[in-house]
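A short write-up of the structure that comes next.
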Amino acid sequence: MPELPEVETVVSGLRKHAINLQITHIHASDEKLAHIAQMTDLIGKTIVSIDRRGKFINFLLDDRRVLQIHLMMSGRLFLRHPKSPEDPWTRFLITLTDGFQIRLSDPRRFGLVSVLSNHEYILFQHRLGPEPLSREFTTRLLAKRLANRKIAIKSALLDQTIIAGIGNIYADEALWHARVHPETPAGSATPNNLKRLHRGIRRALKEGLEHGGTTFGIYANAVGQTGNNQQHLNVFRRTDKSCLRCRTNICKVVVGGRSSHYCPKCQAK
Ligand SMILES: [Zn+2]
């Protein structure tokens, strides 16, 4: 699933082109999304800004409503010239004033599209945890978010209401940077653990951003290029390969239903 760095990469690609353009046409080839395509009152609205919040993509419109897209497992958002060949699995398509199209290509069809009122958008913002790359996200805030929680720290990092935007890849990478075992109870992390984890989260996400995101299967940015952060991962999907820090073999354990990769020496329990 695309995580913060991948979604941010898509958003910055869209932002370069689509701001201040009007929606002239909406089409859904998937029944699940037909109700949104039928909202003809979105036509003529101008895209004022495109923001990422957690793993959500938000098109803020000039009437203060928000067209929101979540890519889920396999969604990709492409910005395409009207004459460029059709993208397979396109479920939803927006045409802009200059003819360019934003296409949601989504083979597994789990991606979500919705339209939020301004009030619903404010409530949505409050439901999500803080943005880990924002200035407000300090070690102190991280400590507060994790305090008294008995769940595994890995599961806490994946909980979007605790911190927004982190998924399986960057959680494993952050814990490796921090030298924290994924099954450590979140509320029992020491001040030192928290300090390293805060740094580790930001480092893992920034590395992902610098490398244009991680592509293991389908992820691509708004112009269809894959990321290359998969070549720079320290621990994720490196089971039985040697730790880049201490050469011990990387292990895999299931935490909260998700595979978690860690170094048994650097990240001892
Ligand atoms: Zn190690």
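If you're wondering about the labels, chains in the structure tokens are A, B, ... by order shown, residues count from 1 in each chain, ligands from 1 in order shown.
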
Residues of chain A at most 12 Å from ligand 1: nearest atom pair and distance in Å, only C-alpha atoms and all ligand atoms, as a Markdown table:
| residue | atom | partner | partner_atom_place_in_ligand_line | distance |
| --- | --- | --- | --- | --- |
| A:Leu175 | CA | ligand 1 | 1 (Zn) | 11.5 |
| A:Trp176 | CA | ligand 1 | 1 (Zn) | 8.1 |
| A:His177 | CA | ligand 1 | 1 (Zn) | 9.8 |
| A:Ala178 | CA | ligand 1 | 1 (Zn) | 11.1 |
| A:Arg179 | CA | ligand 1 | 1 (Zn) | 8.2 |
| A:Val180 | CA | ligand 1 | 1 (Zn) | 10.9 |
| A:His181 | CA | ligand 1 | 1 (Zn) | 11.2 |
| A:Asn234 | CA | ligand 1 | 1 (Zn) | 9.8 |
| A:Val235 | CA | ligand 1 | 1 (Zn) | 9.2 |
| A:Arg238 | CA | ligand 1 | 1 (Zn) | 11.8 |
| A:Asp240 | CA | ligand 1 | 1 (Zn) | 11.8 |
| A:Lys241 | CA | ligand 1 | 1 (Zn) | 10.6 |
| A:Ser242 | CA | ligand 1 | 1 (Zn) | 7.7 |
| A:Cys243 | CA | ligand 1 | 1 (Zn) | 4.6 |
| A:Leu244 | CA | ligand 1 | 1 (Zn) | 6.6 |
| A:Arg245 | CA | ligand 1 | 1 (Zn) | 5.0 |
| A:Cys246 | CA | ligand 1 | 1 (Zn) | 4.2 |
| A:Arg247 | CA | ligand 1 | 1 (Zn) | 6.0 |
| A:Thr248 | CA | ligand 1 | 1 (Zn) | 5.5 |
| A:Asn249 | CA | ligand 1 | 1 (Zn) | 7.6 |
| A:Ile250 | CA | ligand 1 | 1 (Zn) | 7.5 |
| A:Cys251 | CA | ligand 1 | 1 (Zn) | 10.2 |
| A:His261 | CA | ligand 1 | 1 (Zn) | 11.3 |
| A:Tyr262 | CA | ligand 1 | 1 (Zn) | 8.0 |
| A:Cys263 | CA | ligand 1 | 1 (Zn) | 4.7 |
| A:Pro264 | CA | ligand 1 | 1 (Zn) | 6.7 |
| A:Lys265 | CA | ligand 1 | 1 (Zn) | 5.2 |
| A:Cys266 | CA | ligand 1 | 1 (Zn) | 4.1 |
| A:Gln267 | CA | ligand 1 | 1 (Zn) | 7.0 |
| A:Ala268 | CA | ligand 1 | 1 (Zn) | 9.1 |

Item to complete: Could you give me, as an NGL selection string, the residues within 9 Å of stretch 255-258 of chain A, counting only C-alpha atoms and dropping anything in the same chain fewer than 2 positions from it?
Response: :A and (151-152 or 154-155 or 168 or 182-183 or 253 or 260)

Fill in: atom CA of A:Glu120 to atom CA of A:Leu205, distance in Å rounded to a single decimal
28.0 Å

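Within 12 Å of A:Ala34, once only C-alpha atoms are used and residues closer than 4 positions along the same chain are dropped, the contacting residues are Ile26, His27, Ala28, Ser29, Asp30, Gln38, Met39, Thr40, Arg91, Phe92, Leu93, Val113 and Ser114 of chain A.
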
Write the residues of the selection above to a file with N, CA, C and O atoms, as an mmCIF file, in the first residue's frame.
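Dumped to result-v8.cif:
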data_model
loop_
_atom_site.group_PDB
_atom_site.id
_atom_site.type_symbol
_atom_site.label_atom_id
_atom_site.label_comp_id
_atom_site.auth_asym_id
_atom_site.auth_seq_id
_atom_site.Cartn_x
_atom_site.Cartn_y
_atom_site.Cartn_z
ATOM 1 N N ILE A 26 -16.408 14.516 -15.278
ATOM 2 C CA ILE A 26 -16.052 13.415 -14.362
ATOM 3 C C ILE A 26 -16.665 12.149 -14.916
ATOM 4 O O ILE A 26 -17.813 12.153 -15.360
ATOM 5 N N HIS A 27 -15.909 11.081 -14.882
ATOM 6 C CA HIS A 27 -16.449 9.830 -15.384
ATOM 7 C C HIS A 27 -16.011 8.674 -14.487
ATOM 8 O O HIS A 27 -14.856 8.598 -14.080
ATOM 9 N N ALA A 28 -16.932 7.784 -14.160
ATOM 10 C CA ALA A 28 -16.585 6.575 -13.413
ATOM 11 C C ALA A 28 -16.965 5.371 -14.251
ATOM 12 O O ALA A 28 -18.088 5.270 -14.728
ATOM 13 N N SER A 29 -16.004 4.461 -14.436
ATOM 14 C CA SER A 29 -16.331 3.250 -15.177
ATOM 15 C C SER A 29 -16.625 2.122 -14.189
ATOM 16 O O SER A 29 -16.820 0.987 -14.563
ATOM 17 N N ASP A 30 -16.631 2.459 -12.918
ATOM 18 C CA ASP A 30 -16.880 1.487 -11.863
ATOM 19 C C ASP A 30 -18.152 1.911 -11.130
ATOM 20 O O ASP A 30 -18.236 3.035 -10.643
ATOM 21 N N GLN A 38 -21.754 11.141 -10.809
ATOM 22 C CA GLN A 38 -23.065 11.747 -11.067
ATOM 23 C C GLN A 38 -23.236 13.102 -10.379
ATOM 24 O O GLN A 38 -24.195 13.813 -10.620
ATOM 25 N N MET A 39 -22.297 13.431 -9.506
ATOM 26 C CA MET A 39 -22.396 14.727 -8.827
ATOM 27 C C MET A 39 -21.986 15.815 -9.801
ATOM 28 O O MET A 39 -20.879 16.331 -9.762
ATOM 29 N N THR A 40 -22.900 16.150 -10.683
ATOM 30 C CA THR A 40 -22.563 17.110 -11.739
ATOM 31 C C THR A 40 -22.215 18.477 -11.152
ATOM 32 O O THR A 40 -21.636 19.308 -11.834
ATOM 33 N N ARG A 91 -10.758 3.497 -13.151
ATOM 34 C CA ARG A 91 -12.090 3.408 -12.560
ATOM 35 C C ARG A 91 -12.759 4.764 -12.489
ATOM 36 O O ARG A 91 -13.967 4.881 -12.357
ATOM 37 N N PHE A 92 -11.938 5.809 -12.491
ATOM 38 C CA PHE A 92 -12.448 7.138 -12.206
ATOM 39 C C PHE A 92 -11.559 8.140 -12.918
ATOM 40 O O PHE A 92 -10.330 7.984 -12.917
ATOM 41 N N LEU A 93 -12.178 9.130 -13.526
ATOM 42 C CA LEU A 93 -11.401 10.038 -14.371
ATOM 43 C C LEU A 93 -11.961 11.456 -14.261
ATOM 44 O O LEU A 93 -13.174 11.659 -14.334
ATOM 45 N N VAL A 113 -13.007 6.941 -3.188
ATOM 46 C CA VAL A 113 -13.202 8.316 -3.656
ATOM 47 C C VAL A 113 -14.427 8.849 -2.927
ATOM 48 O O VAL A 113 -15.457 8.177 -2.879
ATOM 49 N N SER A 114 -14.326 10.023 -2.327
ATOM 50 C CA SER A 114 -15.512 10.607 -1.702
ATOM 51 C C SER A 114 -15.460 12.126 -1.784
ATOM 52 O O SER A 114 -14.413 12.708 -2.084
#

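Relative to atom CA of A:Val11, atom CA of A:Phe59 is found at 9.6 Å.
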
Worksheet item: So which residues touch A:Ser49 within 10 Å, counting only C-alpha atoms, skipping near sequence neighbours fewer than 4 positions away, as a VMD selection string?
Response: chain A and resid 14 to 15 18 to 21 58 to 62 66

What does the file look like for those residues with N, CA, C and O atoms, as a PDB file, in the first residue's frame?
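For reference, again_19.pdb as written:
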ATOM      1  N   LEU A  14       0.861  16.000  -9.027  1.00  0.00           N
ATOM      2  CA  LEU A  14      -0.439  16.556  -9.437  1.00  0.00           C
ATOM      3  C   LEU A  14      -0.472  18.060  -9.235  1.00  0.00           C
ATOM      4  O   LEU A  14      -0.990  18.816 -10.053  1.00  0.00           O
ATOM      5  N   ARG A  15       0.110  18.473  -8.102  1.00  0.00           N
ATOM      6  CA  ARG A  15       0.084  19.885  -7.716  1.00  0.00           C
ATOM      7  C   ARG A  15       0.728  20.774  -8.779  1.00  0.00           C
ATOM      8  O   ARG A  15       0.270  21.877  -9.043  1.00  0.00           O
ATOM      9  N   ALA A  18      -2.254  20.779 -11.697  1.00  0.00           N
ATOM     10  CA  ALA A  18      -3.722  20.869 -11.631  1.00  0.00           C
ATOM     11  C   ALA A  18      -4.287  22.033 -10.811  1.00  0.00           C
ATOM     12  O   ALA A  18      -5.491  22.261 -10.823  1.00  0.00           O
ATOM     13  N   ILE A  19      -3.415  22.776 -10.123  1.00  0.00           N
ATOM     14  CA  ILE A  19      -3.923  23.864  -9.283  1.00  0.00           C
ATOM     15  C   ILE A  19      -4.500  24.979 -10.166  1.00  0.00           C
ATOM     16  O   ILE A  19      -3.930  25.322 -11.200  1.00  0.00           O
ATOM     17  N   ASN A  20      -5.610  25.518  -9.702  1.00  0.00           N
ATOM     18  CA  ASN A  20      -6.307  26.617 -10.384  1.00  0.00           C
ATOM     19  C   ASN A  20      -6.980  26.208 -11.698  1.00  0.00           C
ATOM     20  O   ASN A  20      -7.400  27.066 -12.457  1.00  0.00           O
ATOM     21  N   LEU A  21      -7.052  24.913 -11.959  1.00  0.00           N
ATOM     22  CA  LEU A  21      -7.803  24.461 -13.133  1.00  0.00           C
ATOM     23  C   LEU A  21      -9.191  24.016 -12.682  1.00  0.00           C
ATOM     24  O   LEU A  21      -9.390  23.587 -11.544  1.00  0.00           O
ATOM     25  N   ASN A  58      -6.272  14.984  -1.021  1.00  0.00           N
ATOM     26  CA  ASN A  58      -7.419  15.874  -0.912  1.00  0.00           C
ATOM     27  C   ASN A  58      -7.350  16.991  -1.942  1.00  0.00           C
ATOM     28  O   ASN A  58      -6.387  17.764  -1.956  1.00  0.00           O
ATOM     29  N   PHE A  59      -8.362  17.052  -2.795  1.00  0.00           N
ATOM     30  CA  PHE A  59      -8.479  18.150  -3.757  1.00  0.00           C
ATOM     31  C   PHE A  59      -9.424  19.172  -3.145  1.00  0.00           C
ATOM     32  O   PHE A  59     -10.626  18.910  -3.036  1.00  0.00           O
ATOM     33  N   LEU A  60      -8.883  20.313  -2.725  1.00  0.00           N
ATOM     34  CA  LEU A  60      -9.727  21.351  -2.121  1.00  0.00           C
ATOM     35  C   LEU A  60     -10.323  22.204  -3.236  1.00  0.00           C
ATOM     36  O   LEU A  60      -9.579  22.739  -4.070  1.00  0.00           O
ATOM     37  N   LEU A  61     -11.650  22.307  -3.238  1.00  0.00           N
ATOM     38  CA  LEU A  61     -12.347  23.009  -4.319  1.00  0.00           C
ATOM     39  C   LEU A  61     -12.743  24.409  -3.887  1.00  0.00           C
ATOM     40  O   LEU A  61     -12.794  24.715  -2.689  1.00  0.00           O
ATOM     41  N   ASP A  62     -13.065  25.236  -4.870  1.00  0.00           N
ATOM     42  CA  ASP A  62     -13.344  26.647  -4.544  1.00  0.00           C
ATOM     43  C   ASP A  62     -14.663  26.830  -3.804  1.00  0.00           C
ATOM     44  O   ASP A  62     -14.928  27.918  -3.288  1.00  0.00           O
ATOM     45  N   VAL A  66     -14.292  19.059  -0.566  1.00  0.00           N
ATOM     46  CA  VAL A  66     -13.034  18.353  -0.803  1.00  0.00           C
ATOM     47  C   VAL A  66     -13.319  17.028  -1.511  1.00  0.00           C
ATOM     48  O   VAL A  66     -14.140  16.231  -1.037  1.00  0.00           O
TER      49      VAL A  66
END

Response to the item:
Between atom CA of A:Leu194 and atom CA of A:Leu142 lies a distance of 7.2 Å

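The smallest atom-to-atom distance between A:Gly224 and any of A:Val10, A:Leu133, A:Ala147, A:Ala189, using only C-alpha atoms, is found for A:Val10.
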
Cut-off 12 Å: closest stretch 130-231 of chain A/stretch 70-86 of chain A atom pairs per residue, using only C-alpha atoms, as CSV:
residue,atom,partner,partner_atom,distance
A:Gly165,CA,A:His70,CA,11.5
A:Gly167,CA,A:Met72,CA,11.1
A:Thr215,CA,A:Ser74,CA,11.1
A:Phe216,CA,A:Ser74,CA,11.0
A:Gly217,CA,A:Ser74,CA,8.5
A:Ile218,CA,A:Ser74,CA,6.4
A:Tyr219,CA,A:Arg76,CA,6.6
A:Ala220,CA,A:Arg76,CA,6.6
A:Asn221,CA,A:Phe78,CA,7.2
A:Ala222,CA,A:Phe78,CA,4.4
A:Val223,CA,A:Phe78,CA,5.8
A:Gly224,CA,A:Phe78,CA,6.6
A:Gln225,CA,A:Phe78,CA,10.0
A:Thr226,CA,A:Arg76,CA,10.8

Worksheet entry | stretch 99-222 of chain A: residues DSSP assigns to helix (DSSP H, G or I), reported as a VMD selection string | chain A and resid 118 to 127 139 to 146 153 to 158 168 to 178 186 to 188 191 to 210

Worksheet entry | strand (DSSP E or B) residues, from DSSP on the backbone, in stretch 2-240 of chain A, as a PyMOL selection string | chain A and resi 22-28+46-53+56-61+66-70+76-80+90-96+101-105+112-116+152+185

Residues from the last selection, C-alpha atoms, saved as a tab-separated table (two decimals), in the first residue's frame:
chain	number	residue	atom	x	y	z
A	22	GLN	CA	-11.49	23.71	-13.32
A	23	ILE	CA	-13.11	20.30	-13.46
A	24	THR	CA	-14.93	20.04	-16.78
A	25	HIS	CA	-15.92	16.38	-16.74
A	26	ILE	CA	-16.05	13.42	-14.36
A	27	HIS	CA	-16.45	9.83	-15.38
A	28	ALA	CA	-16.58	6.58	-13.41
A	46	THR	CA	-11.80	24.98	-9.46
A	47	ILE	CA	-9.10	22.97	-7.69
A	48	VAL	CA	-7.66	25.47	-5.21
A	49	SER	CA	-5.05	23.18	-3.67
A	50	ILE	CA	-4.07	19.53	-3.45
A	51	ASP	CA	-3.01	18.32	-0.03
A	52	ARG	CA	-1.90	15.07	1.51
A	53	ARG	CA	-3.07	14.11	4.97
A	56	PHE	CA	-5.27	10.54	1.80
A	57	ILE	CA	-5.17	12.83	-1.23
A	58	ASN	CA	-7.42	15.87	-0.91
A	59	PHE	CA	-8.48	18.15	-3.76
A	60	LEU	CA	-9.73	21.35	-2.12
A	61	LEU	CA	-12.35	23.01	-4.32
A	66	VAL	CA	-13.03	18.35	-0.80
A	67	LEU	CA	-12.74	15.55	-3.32
A	68	GLN	CA	-10.84	12.89	-1.39
A	69	ILE	CA	-9.02	9.85	-2.76
A	70	HIS	CA	-7.34	7.00	-0.89
A	76	ARG	CA	-2.46	4.92	-8.84
A	77	LEU	CA	-3.34	8.45	-9.84
A	78	PHE	CA	-2.01	9.53	-13.19
A	79	LEU	CA	-1.97	12.95	-14.76
A	80	ARG	CA	-2.32	12.31	-18.47
A	90	THR	CA	-9.11	3.21	-14.90
A	91	ARG	CA	-12.09	3.41	-12.56
A	92	PHE	CA	-12.45	7.14	-12.21
A	93	LEU	CA	-11.40	10.04	-14.37
A	94	ILE	CA	-11.47	13.82	-13.99
A	95	THR	CA	-10.96	16.08	-16.99
A	96	LEU	CA	-9.57	19.58	-16.40
A	101	GLN	CA	-6.98	14.12	-17.12
A	102	ILE	CA	-6.46	12.75	-13.64
A	103	ARG	CA	-7.06	9.01	-13.86
A	104	LEU	CA	-7.47	6.56	-11.00
A	105	SER	CA	-6.11	3.23	-12.22
A	112	LEU	CA	-11.79	5.13	-2.15
A	113	VAL	CA	-13.20	8.32	-3.66
A	114	SER	CA	-15.51	10.61	-1.70
A	115	VAL	CA	-16.69	14.19	-1.54
A	116	LEU	CA	-16.57	15.87	1.86
A	152	ALA	CA	3.01	-3.52	20.25
A	185	PRO	CA	4.71	-2.53	24.27

Response to the item:
Shortest contact to A:Lys150, candidates A:Pro107, A:Gly212, A:Gly187, A:Gly200, atoms counted only C-alpha atoms, goes to A:Gly187

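Proximity ranking of A:Thr139, A:Glu173, A:Arg149, A:Gly54 relative to A:Phe124 places A:Gly54 first, based on only C-alpha atoms.
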
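Once A:Glu210 and its same-chain neighbours fewer than 2 positions away are set aside, Pro5, Thr9, Leu205, Lys206, Glu207, Gly208, Gly212, Gly213, Gly227, Asn228 and Asn229 of chain A remain within 10 Å of it when counting only C-alpha atoms.
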
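Of the listed residues A:Arg237, A:Arg64, A:Lys45, A:Lys55, the one whose atoms come nearest to A:Ile166 is A:Lys55, with distances taken using only C-alpha atoms.
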
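Minimum atom-to-atom distance to A:Asn118, evaluated using only C-alpha atoms, belongs to A:Arg65 out of A:Arg202, A:Lys144, A:Arg65, A:Lys252.
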